[in-house]
Amino acid sequence: MDMNGGQALIRALEMEGTEVMFGLPGGAILPVYDPVLDSTIRHILVRHEQGAGHMAEGYAHATGRPGVAMVTSGPGATNIVTPLADAYMDSIPMVCITGQVPRAAIGTDAFQECDITGITQAVTKHNFLVTSADEIPLVIRQAFHLATTGRPGPVLVDIPKDIVDPTNPASATGWDWPTDAEVEASLPGYHPATTGDPEAIERAAELILAAERPVLYVGGGILKARAAEALRELAELTQIRVVTTLMARGAFPDGHDLCLGMPGMHGNYTAVTSMQRSDLLIALGARFDDRVTGKVAGFAPEAKIIHADIDAAELGKVRRPDVPIHGDCRLIIEDLVAALRRRLSAGATTPDRGPWNSQISGWQERYPLAYEPPAEGDQLKPQMVLEHLRDSVPEDTILASGVGQHQMWASQYWRFQHPYTWINSGGLGTMGFSVPAAIGAKVGRPDRMVWAVDGDGCFQMTAQELVTASAERIPVKVAILNNAYLGMVRQWQEMFYEERYSEVYLSPDLPDYVKWAESMGCVGIRVESPEEIQPAIDKANDIDDRPVVVEFRTDSREKVFPMVAAGTTNDEIQVPPFQAGHGVQTGEGGH
Amino acid sequence: MTRRDALPGDPIRHHVLSVLVENRSGVLSRVANLFARRGYNIVSLAVAPTEDEGFSRITVVVDVESAPLEQIVKQLDKLINVIEISELDPRWSVERELLLVTVSATPEVRGQVVELAQIFEGRILAVTHDELTLSLEGHPTKVDDFEEMLRPFGIREIQRTGRVALPRLGAQRGPASATASVPPEAHAADIA
């Protein structure tokens, strides 16, 4: 079958099962956009290439399938660098196609030329510059294989215009779809790990049975490995408490008796402190991020470490594990469960964990997540808004978040009962993530209700994608917690810079969010008083034919607690001031 | 710049990594970028195609202690175009380097320079009335020594290739492991 490179590219994407792609055309990628008209793939035209990237990420988060984005060369390509970096940090499978100037023009500083493979080397799992039309099917297969296996991540494929332009003889090609074996043989340096070393798994089982104060430290890798069920079996078999990191929220149900919630800089007191006092941390698909460990030298000082991860470079990168296990988390957990069952049925016993469990219950009682209710005339408490929202939506609602205070409150106050219901930018911390990510999620899961929780600062970065959502009939809902500030920066300036507020004020009224929403084809609602919260949410939930933006005017003085200040250990966790009278350490530094 | 052999008790910092990569454009840049991005210092780097032209071998000498070496090896291994990484133990490797040097050699001292070149089995490539260009191939330590001996005469220009290495016959090419202790260099047999 003879075709041109552009047709081959679209055909290859179809063959890889691509149902939807997010993108924006331009000069160099123009020839590839022509066959899009004849394709089964739904193309969503974004308003900014960053939106395409985050939509692809949101789609991948929600569905587990790779997100696909396509943009042009030069500025189109550089505009998608942030989403690539975001996807790389959070291990999101994504394939990004970029146009490139014709091969003969590469290196001449041609119009809209940039070295995007050079630029993205450090923020992609891999990237390709395709040099002939015949290579296109193989490179696309390689890109999907790399993006979705092993530790997932973004892969960029840069396509020079001449090999896809039907008016250029260099674009003529046949159609040769490589087999799986050919794809593997074409990547001789790539061998993603599968099962873990059985000896290491036996040693892990031994440590688990011997531990008095074990904690399962669960990271986003559990979700990538589709290991939520296996994790639940492990936790229930061993009755070990589970903390779910920011990237793992939903991997273990918040409503489960064994769930301790989120650890880390803004984790709850019990999750943070149980890790800190633990004698065995079982880290599964987690990477000992600095936002979880606090000052590494003082992190969980008495804990032995079992660390399972698909990426060998994570084992020992931050904290040297006593038992490293390199492999796929789902397979490792299944083998671990089998090893534990064998030992238990052979009469193995565990130490009395009663004292540990009562210590945990004590912390939970004394230091629950809490905020002070608003006084008469105060602005809305953001936490209260989130509680109302949480209690007014179906349990399987997908929640996307931007980055900052609202993100932490959302993670803290939501009740995640299912995997893949929480989408956020954990590693890179990309402001503006939530609106496009929510749109991508809704495209992937049209059956689900999708809410974005956003800050006013974040919203202003990518709000224009609501035009995309309106035009494409993607009915996402956005809750803006408008406190008129870059809230998290304000919090740090209040706590650590002697209340010297430098360049953080944004104004509550500029822009007018309701008018802005309406101008983008959305329903806009403003909420200023507590009585308005519930009716506004109910109204938003009833609208299913267009996006809705609800702006909540929230109290700018509200801070996220607990907090482990940067550079301190988790022992120095600061609880909210009204809880601090209970003899808890509140930390010396910072104030 | 002074050089000396490692003494017992010195922290081991020089490691020779032999990295087999796919021979395609951009691979060297990926490898070099990785070192730069993680803040590791490359002492020398040599790269050329292998017996199979589909692959190249990069011999890289890195200046790190063991723990960061383990991390850099693991990060290198994640590069899709990297096939295999091994650390070459100097005890079980043949290592060579090529030196080109132009040295001052006025007629009064030319005889001494020529004599040095003969002792080290170097070659004279070019000569003018007051300069000599020499080449020397040998173990990197021998090259170091030669360079030191020439220094007092006045080195005008020098270019070294960086080391290349292969396992000795009969020795295994082991996987790179930061925990393997590498003893101080012992290479008398090579120099002789």
# chains A, B, ... in the order shown; residues from 1 in each chain; ligands from 1
>>> closest_atom_pairs(of="chain B", to="chain A", cutoff="9 Å", atoms="only C-alpha atoms", output="JSON lines")
{"residue": "B:Val21", "atom": "CA", "partner": "A:Gly189", "partner_atom": "CA", "distance": 7.9}
{"residue": "B:Glu22", "atom": "CA", "partner": "A:Gly189", "partner_atom": "CA", "distance": 8.1}
{"residue": "B:Gly26", "atom": "CA", "partner": "A:Gly118", "partner_atom": "CA", "distance": 8.4}
{"residue": "B:Ser29", "atom": "CA", "partner": "A:Gly118", "partner_atom": "CA", "distance": 8.6}
{"residue": "B:Arg30", "atom": "CA", "partner": "A:Gln121", "partner_atom": "CA", "distance": 7.0}
{"residue": "B:Asn33", "atom": "CA", "partner": "A:Ala122", "partner_atom": "CA", "distance": 8.0}
{"residue": "B:Leu34", "atom": "CA", "partner": "A:Ala122", "partner_atom": "CA", "distance": 7.9}
{"residue": "B:Arg37", "atom": "CA", "partner": "A:Ala122", "partner_atom": "CA", "distance": 8.1}
{"residue": "B:Ala67", "atom": "CA", "partner": "A:Gly316", "partner_atom": "CA", "distance": 8.8}
{"residue": "B:Pro68", "atom": "CA", "partner": "A:Lys317", "partner_atom": "CA", "distance": 8.6}
{"residue": "B:Glu70", "atom": "CA", "partner": "A:Ala313", "partner_atom": "CA", "distance": 8.5}
{"residue": "B:Gln71", "atom": "CA", "partner": "A:Ala313", "partner_atom": "CA", "distance": 6.2}
{"residue": "B:Ile72", "atom": "CA", "partner": "A:Ala313", "partner_atom": "CA", "distance": 8.4}
{"residue": "B:Val73", "atom": "CA", "partner": "A:Ala313", "partner_atom": "CA", "distance": 8.4}
{"residue": "B:Lys74", "atom": "CA", "partner": "A:Ala313", "partner_atom": "CA", "distance": 4.9}
{"residue": "B:Gln75", "atom": "CA", "partner": "A:Ala313", "partner_atom": "CA", "distance": 6.0}
{"residue": "B:Asp77", "atom": "CA", "partner": "A:Gly189", "partner_atom": "CA", "distance": 8.1}
{"residue": "B:Lys78", "atom": "CA", "partner": "A:Tyr190", "partner_atom": "CA", "distance": 7.9}
{"residue": "B:Leu79", "atom": "CA", "partner": "A:His126", "partner_atom": "CA", "distance": 7.6}
{"residue": "B:Ile80", "atom": "CA", "partner": "A:Gly189", "partner_atom": "CA", "distance": 5.5}
{"residue": "B:Asn81", "atom": "CA", "partner": "A:Gly189", "partner_atom": "CA", "distance": 5.6}
{"residue": "B:Val82", "atom": "CA", "partner": "A:Gly189", "partner_atom": "CA", "distance": 5.2}
{"residue": "B:Ile83", "atom": "CA", "partner": "A:Gly189", "partner_atom": "CA", "distance": 4.0}
{"residue": "B:Glu84", "atom": "CA", "partner": "A:Gly189", "partner_atom": "CA", "distance": 7.2}
>>> residues_around(residues="Cys329 (chain A)", least_positions_apart="5", cutoff="7 Å", atoms="only C-alpha atoms", output="PyMOL selection string")
chain A and resi 222+225+227+284-285+308-310
>>> write_last_selection(atoms="C-alpha atoms", output="PDB file, in the first residue's frame")
ATOM      1  CA  ILE A 222       1.173   1.605  42.388  1.00  0.00           C
ATOM      2  CA  ALA A 225       1.424  -0.686  37.813  1.00  0.00           C
ATOM      3  CA  ALA A 227      -1.610  -2.619  41.508  1.00  0.00           C
ATOM      4  CA  LEU A 284       6.039   0.582  46.916  1.00  0.00           C
ATOM      5  CA  GLY A 285       6.386   2.625  43.740  1.00  0.00           C
ATOM      6  CA  ALA A 308      10.155  -1.905  45.414  1.00  0.00           C
ATOM      7  CA  ASP A 309      10.315   0.056  42.191  1.00  0.00           C
ATOM      8  CA  ILE A 310      10.357  -0.548  38.440  1.00  0.00           C
TER       9      ILE A 310
END
>>> atom_distance(atom1="CA of Lys559 (chain A)", atom2="CA of Val385 (chain A)")
14.6 Å
>>> residues_around(residues="Arg445 (chain A)", least_positions_apart="5", cutoff="9 Å", atoms="only C-alpha atoms", output="JSON, numbers by chain")
{"A": [59, 62, 63, 398, 440, 450]}
>>> select_by_dssp(residues="region 493-530 of chain A", states="alpha helix (DSSP H)", output="number ranges by chain")
A: 493-496, 513-519, 530
>>> residues_around(residues="region 105-119 of chain B", least_positions_apart="3", cutoff="6 Å", atoms="only C-alpha atoms", output="VMD selection string")
chain B and resid 122 130 to 131
>>> residues_around(residues="region 149-166 of chain B", least_positions_apart="5", cutoff="6 Å", atoms="only C-alpha atoms", output="number ranges by chain")
B: 44-46, 59, 93-104
>>> residues_around(residues="region 562-573 of chain A", least_positions_apart="6", cutoff="12 Å", atoms="only C-alpha atoms", output="VMD selection string")
chain A and resid 262 to 277 290 to 301 367 to 371 405 408 to 409 412 488 491 to 492 495 to 496 579 to 580 584 to 591
>>> select_by_dssp(residues="region 128-320 of chain A", states="strand (DSSP E or B)", output="PyMOL selection string")
chain A and resi 128-129+154-160+172-173+214-218+241-244+259-261+280-284+304-309
>>> closest_residue(among="A:Phe433, A:Trp175, A:Tyr501, A:Phe578", to="Pro83 (chain A)", atoms="only C-alpha atoms")
A:Phe433
>>> closest_residue(among="A:Asp257, A:Glu135, A:Asp391, A:Asp279", to="Ile306 (chain A)", atoms="only C-alpha atoms")
A:Asp279
>>> decode(residues="region 70-156 of chain B", atoms="C-alpha atoms", output="tab-separated table (two decimals), in the first residue's frame")
chain	number	residue	atom	x	y	z
B	70	GLU	CA	26.07	3.76	41.40
B	71	GLN	CA	23.47	6.43	40.69
B	72	ILE	CA	25.15	7.61	37.50
B	73	VAL	CA	25.45	4.04	36.23
B	74	LYS	CA	21.77	3.43	36.92
B	75	GLN	CA	20.80	6.67	35.25
B	76	LEU	CA	22.99	5.85	32.24
B	77	ASP	CA	21.37	2.46	32.04
B	78	LYS	CA	17.99	4.17	31.67
B	79	LEU	CA	19.07	5.81	28.42
B	80	ILE	CA	17.30	3.86	25.71
B	81	ASN	CA	20.35	3.85	23.39
B	82	VAL	CA	22.70	2.48	26.05
B	83	ILE	CA	23.14	-1.27	25.63
B	84	GLU	CA	25.56	-2.21	28.37
B	85	ILE	CA	27.69	-0.53	30.99
B	86	SER	CA	30.63	-2.16	32.63
B	87	GLU	CA	33.16	-0.84	35.05
B	88	LEU	CA	36.68	-1.85	34.11
B	89	ASP	CA	38.82	-2.83	37.05
B	90	PRO	CA	42.32	-1.54	36.27
B	91	ARG	CA	43.79	-4.82	37.57
B	92	TRP	CA	41.98	-6.73	34.88
B	93	SER	CA	42.05	-4.28	32.02
B	94	VAL	CA	44.31	-3.15	29.27
B	95	GLU	CA	44.26	0.63	29.14
B	96	ARG	CA	45.88	2.85	26.56
B	97	GLU	CA	46.05	6.49	25.68
B	98	LEU	CA	47.68	8.47	22.89
B	99	LEU	CA	49.53	11.73	23.47
B	100	LEU	CA	50.62	14.32	20.94
B	101	VAL	CA	52.88	17.02	22.25
B	102	THR	CA	54.92	19.88	20.85
B	103	VAL	CA	57.81	20.72	23.13
B	104	SER	CA	60.53	23.37	23.06
B	105	ALA	CA	63.79	21.79	22.01
B	106	THR	CA	66.53	24.20	21.24
B	107	PRO	CA	69.69	22.60	19.89
B	108	GLU	CA	71.29	22.61	23.40
B	109	VAL	CA	68.55	20.37	24.90
B	110	ARG	CA	67.24	18.58	21.83
B	111	GLY	CA	69.39	15.55	22.58
B	112	GLN	CA	67.83	15.20	26.03
B	113	VAL	CA	64.31	15.37	24.64
B	114	VAL	CA	65.10	12.80	21.97
B	115	GLU	CA	66.62	10.56	24.61
B	116	LEU	CA	63.48	10.81	26.74
B	117	ALA	CA	61.35	9.93	23.75
B	118	GLN	CA	63.48	6.86	23.14
B	119	ILE	CA	63.30	5.75	26.79
B	120	PHE	CA	59.49	6.03	26.69
B	121	GLU	CA	59.30	4.51	23.22
B	122	GLY	CA	57.71	7.64	21.81
B	123	ARG	CA	58.06	8.80	18.24
B	124	ILE	CA	59.29	12.01	16.76
B	125	LEU	CA	56.71	13.28	14.30
B	126	ALA	CA	58.16	16.64	13.33
B	127	VAL	CA	61.11	18.79	14.09
B	128	THR	CA	62.09	22.45	13.58
B	129	HIS	CA	65.12	24.34	14.80
B	130	ASP	CA	63.64	24.86	18.27
B	131	GLU	CA	60.61	22.52	18.57
B	132	LEU	CA	59.78	18.85	18.41
B	133	THR	CA	56.39	17.22	17.99
B	134	LEU	CA	56.25	13.82	19.64
B	135	SER	CA	53.70	11.06	19.98
B	136	LEU	CA	53.42	8.47	22.69
B	137	GLU	CA	51.01	5.60	23.06
B	138	GLY	CA	50.82	3.70	26.29
B	139	HIS	CA	49.19	3.19	29.63
B	140	PRO	CA	47.74	6.50	30.88
B	141	THR	CA	50.16	6.52	33.81
B	142	LYS	CA	53.09	6.15	31.46
B	143	VAL	CA	51.67	9.01	29.41
B	144	ASP	CA	51.39	11.04	32.63
B	145	ASP	CA	55.02	10.32	33.45
B	146	PHE	CA	56.18	11.29	29.98
B	147	GLU	CA	54.27	14.52	30.18
B	148	GLU	CA	55.86	15.30	33.55
B	149	MET	CA	59.34	14.64	32.23
B	150	LEU	CA	58.78	16.89	29.23
B	151	ARG	CA	57.32	19.74	31.23
B	152	PRO	CA	60.64	21.37	32.24
B	153	PHE	CA	61.57	21.74	28.57
B	154	GLY	CA	58.46	23.81	27.91
B	155	ILE	CA	55.34	22.25	26.50
B	156	ARG	CA	53.96	24.40	23.69
